[in-house]
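Engineer: Quick one: the structure is below, and I'll ask about it shortly.
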There are 4 protein chains.
Amino acid sequence: MSGIFQDAVFGSLFGDPEAMALWSAEAQLDQFRKVEAALSKALAEVGLVPQDQGSRAAAYIRTAPIDRDRLAEGCAKDGLPIPNFVAQLKENAADLAGAIHTGSTSQDIMDTALSLTIRATNDLLLARLASLTDALADLDRRFGATPMTGRTRMQEALSITVGDRIKAWRDPLLAQAASLIALRPRIERLQFGGAVGTRHAYGERSDAMAEAMARNLGLTNGPVWHTDRSSLVMFANQLAILSGILGKIGQDITLMAQQGIDEIALSGGGGSSAMPHKSNPILAELLVTLARYNASQMSAMHHSLIHEQERSGAAWALEWMVLPDMAVATARALEVAVNVCGRVTQMGQRT
Amino acid sequence: MSGIFQDAVFGSLFGDPEAMALWSAEAQLDQFRKVEAALSKALAEVGLVPQDQGSRAAAYIRTAPIDRDRLAEGCAKDGLPIPNFVAQLKENAADLAGAIHTGSTSQDIMDTALSLTIRATNDLLLARLASLTDALADLDRRFGATPMTGRTRMQEALSITVGDRIKAWRDPLLAQAASLIALRPRIERLQFGGAVGTRHAYGERSDAMAEAMARNLGLTNGPVWHTDRSSLVMFANQLAILSGILGKIGQDITLMAQQGIDEIALSGGGGSSAMPHKSNPILAELLVTLARYNASQMSAMHHSLIHEQERSGAAWALEWMVLPDMAVATARALEVAVNVCGRVTQMGQRT
Amino acid sequence: MSGIFQDAVFGSLFGDPEAMALWSAEAQLDQFRKVEAALSKALAEVGLVPQDQGSRAAAYIRTAPIDRDRLAEGCAKDGLPIPNFVAQLKENAADLAGAIHTGSTSQDIMDTALSLTIRATNDLLLARLASLTDALADLDRRFGATPMTGRTRMQEALSITVGDRIKAWRDPLLAQAASLIALRPRIERLQFGGAVGTRHAYGERSDAMAEAMARNLGLTNGPVWHTDRSSLVMFANQLAILSGILGKIGQDITLMAQQGIDEIALSGGGGSSAMPHKSNPILAELLVTLARYNASQMSAMHHSLIHEQERSGAAWALEWMVLPDMAVATARALEVAVNVCGRVTQMGQRT
Amino acid sequence: MSGIFQDAVFGSLFGDPEAMALWSAEAQLDQFRKVEAALSKALAEVGLVPQDQGSRAAAYIRTAPIDRDRLAEGCAKDGLPIPNFVAQLKENAADLAGAIHTGSTSQDIMDTALSLTIRATNDLLLARLASLTDALADLDRRFGATPMTGRTRMQEALSITVGDRIKAWRDPLLAQAASLIALRPRIERLQFGGAVGTRHAYGERSDAMAEAMARNLGLTNGPVWHTDRSSLVMFANQLAILSGILGKIGQDITLMAQQGIDEIALSGGGGSSAMPHKSNPILAELLVTLARYNASQMSAMHHSLIHEQERSGAAWALEWMVLPDMAVATARALEVAVNVCGRVTQMGQRT
């Protein structure tokens, strides 16, 4: 059950194959290639290496053979995979070695690759958000006019409609989709600073380099963020808000599904090994679990802001442990929520 | 030491009198009055009560005698102070009772009062952010050109200047000041939903009521957010990012102040009861402490998103326990950072 | 609302006057006196100062005038109050100065005082635990035989009795009371290490000094724990487990109190400003809130384990911010749970 | 990088193959078999099924073919794998079906299997703790007498020896090893409650059943803990304390390794892609990262105490997401710490 998203058994419940593919070792390696290739191209564009060297190096980097076992060993030794990745690239690069990784540093490659992964994740999240808000709109069409009891502090308050409840679920999702879209330029961003974040190796061409790389990769250009991890925390915060909103929906559904309340009926509930009559709202419960999981991870992301000096290995690696799984948990929660909406056969007061 | 910000002894270190005043019981009561007064006025503006009743009620509410002990007793009984507050208001209101709290609910008053407090807090934070970025600019002017050793993973990397280090401290603060300003309309917002968040009591006049109240209070109008606490989480996230950035500065200063490194000298360090020679960088340490405090609180804020049904007493009260102290800790951290800047007598390599 | 336990209004709901008194500035100062007095006495017992100097110093310390404002100023300057406290003690100590704080350090005084406070807190918690388990036993006597529906995953499972549910509430409390008792020697412990935790100033008499102090204060003797904060984390863990168990009880009660479920009735519920018919289970909700509050604080306590070198000001101060409020929250939760038990007028299936 | 312990690249740095094997899907399935087999045997021992049925069923369960894909599908549908696991067992069990899972429930199987995994984890942790305290004792023999500077609040305090520092690292580990040993009976414990935790299906034989199962599995017998997750929180707390102590060691080592301080030298440091001269203390940093990771997870474990009614799917699944990875992180931290000790070539003041 360690690595529960990937677990051969529990992964079917918690895992999200599509999101996990974006954050896989395979995908990361591919992003490293893209970033190094963009760097080689940019070196040529700004005139730091001959034009054809840049484009040949970029082409080479995209398909150069990388031994995974050596990469993993290098990661264990160096604390991250880039030094070995670059070494492997250079081994067979012949005359192109000078156009590879020149003036750069591991963090530039890792962080920019992360930005590419975040961009792909955002595409996925926004697509699922659209499906979910559609599914909720559909529920509203089907059941919105049905009366139900509004409850505050878990006590009967005044009568509302199913539509009122669904509005309280859906509006925050629309608002957060807008927030995430607004945040994209801030978090889909080039990292480009060199060894100590000063871009010193490129001299007067450093700004042109940054501009070329950002353009080639389709990322935002901007100041170095080696030790300013605020943007990642803002991204994590969006993830945990999304899963939190879904956790509220899941909590509401488990409450509505109680016998005696009977405000929702769902097809295909979970079975029990002891009680054949049961039909458990396990997907609604899962929404609560995923919300509380992400909520707990947020504090780790905030602790990782305390990045000493020009680079903190300790703080940086904490992000790696936490952020990818938060992204997967959020994507999974969206998928689960869409799934739950599709199972609703009754909402509101029974007639 | 419980309530450390207010503690008679430790409060001198952790507390922030100005921020604490904004979040005091006194100030909250004052905000309750403002919100109820705006409600009475709005009732008249939209024609739900006679014009003069609205303005007389508003005037009355602003100065009506409120017995604090009864208010506290009411809070203990009802789980929040508003029912008793309204009861006290109505007791001596004579013919104005019908123009007080009509159609509203405790949460509307509490949350809108919170928005007013957040607005005042934002003013304070932004003023201090400006002082701090000025103080850092001043340090840059004094010491920016001095060389120092860039360090990554706590090891010597390449030579940088003091200006490079200060830039890595200051740029994130400027970015977060801009983020906070952009967030203000989202978090300085009217809450207006009535008993179950549907504004049902005002019928066709509900939108006009909301508009009138928002205008009178200078807050953003928008949808009900009774159970959508995302905006508060976004505010808390800004607070913890700010204190996190300051925690990084504090951590760097403690590292720079080590004998053997000697990259910073500070006047007025903390004394020791055992070692008279010591001059401890206690304010820099405090920045780290406050950052880790806020980082830890963030998970509570995210758990509070899981708000069941039309109002969760349990989740809502968790915000009250956490958010005010996060605001105080952040304000204090900004004050401390400004203070530390003013104590710097040397930065960078000693000559 | 900052410092909610102490807040003039909200303190009536969240605060615990008895527990807060134990952790007040007043009580801390008193504990500082006790520890310094025990130190003076021990110095004489082991022959490091003349016998009468030790006892006269001890007597003097217990009542010497301490200016609170100066103490607070000293705390702000030095990062903790002991240097100024010792300075004030010595000012009027005349010939006794040599028998005051000799060979000690601020942390020894602070941590040992903390142990005394923890001891008093444990007495309070255990007394309340006894009241609560009695109250639950009483509920069991009154309602234990009544049938009710066992629910798993929030769905009807099989019939149980009220006694089964109460047993699941009470057994964990009994087990944790036993755990807390077993933990006491570990956490009610002398701190005695001197400037850098080596007891160097007392030479061959250091063990005798430690033994004398522990005996005089009624604390466990043992190795120095300046930088080993595990015991405090174990204490905090007990606190959060206790409040967590109570949170489960509170959650169950709010679920049982739902109309449509109707498995519990409570007298004296909270009123609403909008809905006069309501009787909200606000104390049960408060148990959930306090549980989630403490749960969130636990991560801060664990982060405070990372104590650099011979003393970390940053990590240490994080404990001060978090542990006292966790203790108050736990004490309050126990009080609230007893209170709730006393309000129960019906449990289980209605007849 | 999702599932970083298992990641094909980053797993070499964060992963712990031995610990991960204990928590793998494979190992869990094996534990499920052991528990179901012990149940079948116990049913026969207490006379609920014929003697030979019990032993034949137990033998069958240990090797019965289980289709993994169906198991995963079942887990996705039911929220946990046991209903499908039992269904698969029964399919080919012919006349033995009545001796399989009788009177039990999924949670009994899952939780008891967890106890077996925890037992194996504790064996591993204690073995590594012994290696580590030996390695530290060895460092003490080699360097203990060397003087070094004691530092408090990151400032020079008084001279100590390397042995003093090592003692402050090693004593807490010895104390926690003892605590973990003392905790074992509490956490290596049978779960046995049936559908709603009342053992109702076994009537008068329920205690005999529990005793037989505990004996067969070598676990502690005791009360049902379906909704009392305190023991798991106590286990998690031990894990996070252990990794926290190692985090302190890691933090100290990174500080000692700074140029200008030069109190430790380590062979085989991490390389940089930009700065060939660097030898980064990446394993010491990793100890800090793993400590902060576990610290952050602790709050999730405490939130999972709030288990509604007779079983909370939402709270329970949160444990599954968090506890296994905490165990792996702790095991890895111990391995890393032993590794770091073996790389030390100098400690204390350079001669």
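Labels used: A, B, ... for chains in the order of the structure tokens, numbers from 1 for residues in each chain, and numbers from 1 for ligands as shown.
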Output the contact residues of chain B with respect to chain D at a cut-off of 6 Å, based on only C-alpha atoms, as number ranges by chain.
Structural biologist: B: 155, 258, 260-261
Engineer: Got a sec to tell me which of segment 82-313 of chain B DSSP assigns to helix (DSSP H, G or I), as an MDAnalysis selection string?
Structural biologist: chainID B and resid 82:91 94:99 106:143 162:187 200:217 230:256 282:303 313
Engineer: Residues as selected, C-alpha atoms, written as a CSV table (one decimal), in the first residue's frame, can you do that?
Structural biologist:
chain,number,residue,atom,x,y,z
B,82,ILE,CA,-24.8,37.0,17.0
B,83,PRO,CA,-28.1,35.6,18.3
B,84,ASN,CA,-27.4,37.3,21.7
B,85,PHE,CA,-26.0,40.4,20.0
B,86,VAL,CA,-29.2,40.8,18.0
B,87,ALA,CA,-31.4,40.0,21.0
B,88,GLN,CA,-29.6,42.8,23.0
B,89,LEU,CA,-30.0,45.2,20.1
B,90,LYS,CA,-33.7,44.5,19.8
B,91,GLU,CA,-34.4,44.8,23.6
B,94,ALA,CA,-38.7,49.8,20.5
B,95,ASP,CA,-40.3,50.4,17.2
B,96,LEU,CA,-37.0,49.8,15.3
B,97,ALA,CA,-36.9,46.1,16.0
B,98,GLY,CA,-38.4,45.3,12.7
B,99,ALA,CA,-35.6,47.0,10.9
B,106,SER,CA,-25.7,35.0,12.1
B,107,GLN,CA,-23.3,33.8,9.4
B,108,ASP,CA,-24.0,36.8,7.2
B,109,ILE,CA,-23.0,39.1,10.0
B,110,MET,CA,-20.0,37.1,11.1
B,111,ASP,CA,-18.6,36.6,7.6
B,112,THR,CA,-19.2,40.1,6.5
B,113,ALA,CA,-17.5,41.4,9.7
B,114,LEU,CA,-14.7,39.1,8.9
B,115,SER,CA,-14.4,40.7,5.4
B,116,LEU,CA,-14.1,44.1,7.0
B,117,THR,CA,-11.4,42.8,9.3
B,118,ILE,CA,-9.5,41.2,6.5
B,119,ARG,CA,-9.7,44.5,4.6
B,120,ALA,CA,-8.1,46.3,7.5
B,121,THR,CA,-5.5,43.5,7.8
B,122,ASN,CA,-4.6,43.8,4.1
B,123,ASP,CA,-4.1,47.6,4.5
B,124,LEU,CA,-1.7,46.9,7.4
B,125,LEU,CA,0.1,44.1,5.6
B,126,LEU,CA,0.6,46.1,2.4
B,127,ALA,CA,1.9,49.1,4.3
B,128,ARG,CA,4.4,46.9,6.1
B,129,LEU,CA,5.3,45.1,2.9
B,130,ALA,CA,6.1,48.5,1.4
B,131,SER,CA,8.3,49.4,4.4
B,132,LEU,CA,10.1,46.1,4.2
B,133,THR,CA,10.8,46.3,0.4
B,134,ASP,CA,12.1,49.8,1.1
B,135,ALA,CA,14.3,48.6,3.9
B,136,LEU,CA,15.7,45.8,1.6
B,137,ALA,CA,16.3,48.3,-1.1
B,138,ASP,CA,18.2,50.4,1.4
B,139,LEU,CA,20.3,47.4,2.4
B,140,ASP,CA,21.0,46.8,-1.3
B,141,ARG,CA,22.2,50.4,-1.6
B,142,ARG,CA,24.5,50.1,1.3
B,143,PHE,CA,25.9,46.6,0.8
B,162,VAL,CA,25.0,40.8,-1.5
B,163,GLY,CA,22.7,42.4,-4.1
B,164,ASP,CA,22.0,39.0,-5.6
B,165,ARG,CA,21.0,37.6,-2.3
B,166,ILE,CA,18.8,40.6,-1.5
B,167,LYS,CA,17.2,40.4,-4.8
B,168,ALA,CA,16.2,36.8,-4.1
B,169,TRP,CA,14.6,38.1,-0.8
B,170,ARG,CA,12.9,41.1,-2.2
B,171,ASP,CA,11.5,40.0,-5.6
B,172,PRO,CA,9.1,37.4,-4.1
B,173,LEU,CA,7.8,40.0,-1.6
B,174,LEU,CA,7.0,42.4,-4.5
B,175,ALA,CA,5.3,39.6,-6.4
B,176,GLN,CA,3.3,38.6,-3.3
B,177,ALA,CA,2.3,42.2,-2.6
B,178,ALA,CA,0.9,42.3,-6.2
B,179,SER,CA,-0.9,38.9,-5.6
B,180,LEU,CA,-2.4,40.2,-2.4
B,181,ILE,CA,-3.7,43.3,-4.1
B,182,ALA,CA,-5.2,41.2,-6.9
B,183,LEU,CA,-6.8,39.0,-4.4
B,184,ARG,CA,-8.5,41.8,-2.4
B,185,PRO,CA,-11.8,41.9,-4.3
B,186,ARG,CA,-12.2,38.2,-3.9
B,187,ILE,CA,-11.7,38.2,-0.1
B,200,HIS,CA,-35.2,33.7,0.3
B,201,ALA,CA,-36.5,36.2,2.9
B,202,TYR,CA,-36.0,39.2,0.6
B,203,GLY,CA,-37.8,37.8,-2.4
B,204,GLU,CA,-37.3,39.9,-5.5
B,205,ARG,CA,-35.4,42.5,-3.5
B,206,SER,CA,-32.5,40.2,-2.6
B,207,ASP,CA,-30.2,41.3,-5.3
B,208,ALA,CA,-30.9,45.0,-4.6
B,209,MET,CA,-30.3,44.3,-0.9
B,210,ALA,CA,-26.9,42.7,-1.6
B,211,GLU,CA,-25.9,45.5,-3.8
B,212,ALA,CA,-26.9,48.1,-1.3
B,213,MET,CA,-25.1,46.4,1.5
B,214,ALA,CA,-21.9,45.9,-0.5
B,215,ARG,CA,-21.9,49.5,-1.5
B,216,ASN,CA,-22.5,50.8,2.0
B,217,LEU,CA,-19.7,48.7,3.4
B,230,SER,CA,-12.1,28.9,-0.8
B,231,SER,CA,-11.6,32.6,-0.6
B,232,LEU,CA,-10.6,32.4,3.0
B,233,VAL,CA,-8.2,29.6,2.2
B,234,MET,CA,-6.7,31.8,-0.6
B,235,PHE,CA,-6.2,34.6,2.0
B,236,ALA,CA,-4.6,32.2,4.5
B,237,ASN,CA,-2.4,30.9,1.7
B,238,GLN,CA,-1.2,34.5,1.0
B,239,LEU,CA,-0.5,34.9,4.6
B,240,ALA,CA,1.5,31.7,4.9
B,241,ILE,CA,3.4,32.5,1.6
B,242,LEU,CA,4.4,35.9,3.0
B,243,SER,CA,5.6,34.4,6.3
B,244,GLY,CA,7.3,31.6,4.4
B,245,ILE,CA,9.3,34.1,2.3
B,246,LEU,CA,10.3,35.9,5.5
B,247,GLY,CA,11.2,32.5,7.0
B,248,LYS,CA,13.7,32.0,4.2
B,249,ILE,CA,15.2,35.4,4.9
B,250,GLY,CA,15.4,34.6,8.6
B,251,GLN,CA,17.0,31.2,7.9
B,252,ASP,CA,19.5,32.9,5.6
B,253,ILE,CA,20.4,35.5,8.2
B,254,THR,CA,21.0,32.9,10.9
B,255,LEU,CA,23.3,31.1,8.5
B,256,MET,CA,25.1,34.2,7.5
B,282,ILE,CA,16.7,35.9,17.9
B,283,LEU,CA,14.6,38.0,15.5
B,284,ALA,CA,15.9,36.1,12.5
B,285,GLU,CA,15.1,32.9,14.3
B,286,LEU,CA,11.6,34.2,15.0
B,287,LEU,CA,11.0,34.7,11.3
B,288,VAL,CA,11.7,30.9,10.9
B,289,THR,CA,9.4,30.1,13.8
B,290,LEU,CA,6.5,32.2,12.5
B,291,ALA,CA,6.9,30.7,9.0
B,292,ARG,CA,6.7,27.2,10.3
B,293,TYR,CA,3.8,28.1,12.5
B,294,ASN,CA,1.7,29.4,9.6
B,295,ALA,CA,2.8,26.5,7.4
B,296,SER,CA,1.3,24.1,9.9
B,297,GLN,CA,-1.9,26.1,10.3
B,298,MET,CA,-2.6,25.9,6.5
B,299,SER,CA,-3.7,22.3,6.7
B,300,ALA,CA,-6.4,23.2,9.2
B,301,MET,CA,-7.7,25.9,6.9
B,302,HIS,CA,-7.9,23.3,4.1
B,303,HIS,CA,-9.7,20.8,6.3
B,313,GLY,CA,-20.6,24.6,12.7
Engineer: What gap, in Å, lies between atom CA of Ser40 of chain D and atom CA of Ile61 of chain D?
Structural biologist: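 Going from atom CA of Ser40 of chain D over to atom CA of Ile61 of chain D covers 8.9 Å.
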Engineer: Would you work out the distance separating atom CA of Ala331 of chain D from atom CA of Gly269 of chain D, expressed in Å to one decimal?
Structural biologist: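 Rounded to one decimal, the two atoms are 21.4 Å apart.
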Engineer: Apply DSSP to the backbone of this structure and, from segment 25-234 of chain C, keep only the residues in strand (DSSP E or B); write these as number ranges by chain.
Structural biologist: C: 147-152, 155-161, 189, 220
Engineer: State, in Å with one decimal place, the distance from atom CA of Pro223 of chain C to atom CA of Thr330 of chain D.
Structural biologist: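 Between atom CA of Pro223 of chain C and atom CA of Thr330 of chain D the gap works out to 24.7 Å.
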Engineer: Would you list the contacts of segment 15-25 of chain D as number ranges by chain, taking every protein, DNA or RNA residue within 10 Å and counting only C-alpha atoms, but skipping same-chain residues closer than 4 positions in sequence?
Structural biologist: A: 1-4, 6-11, 76; D: 3-11, 29-31, 68, 114, 116-121, 124-125, 324-325, 327-333, 335-336
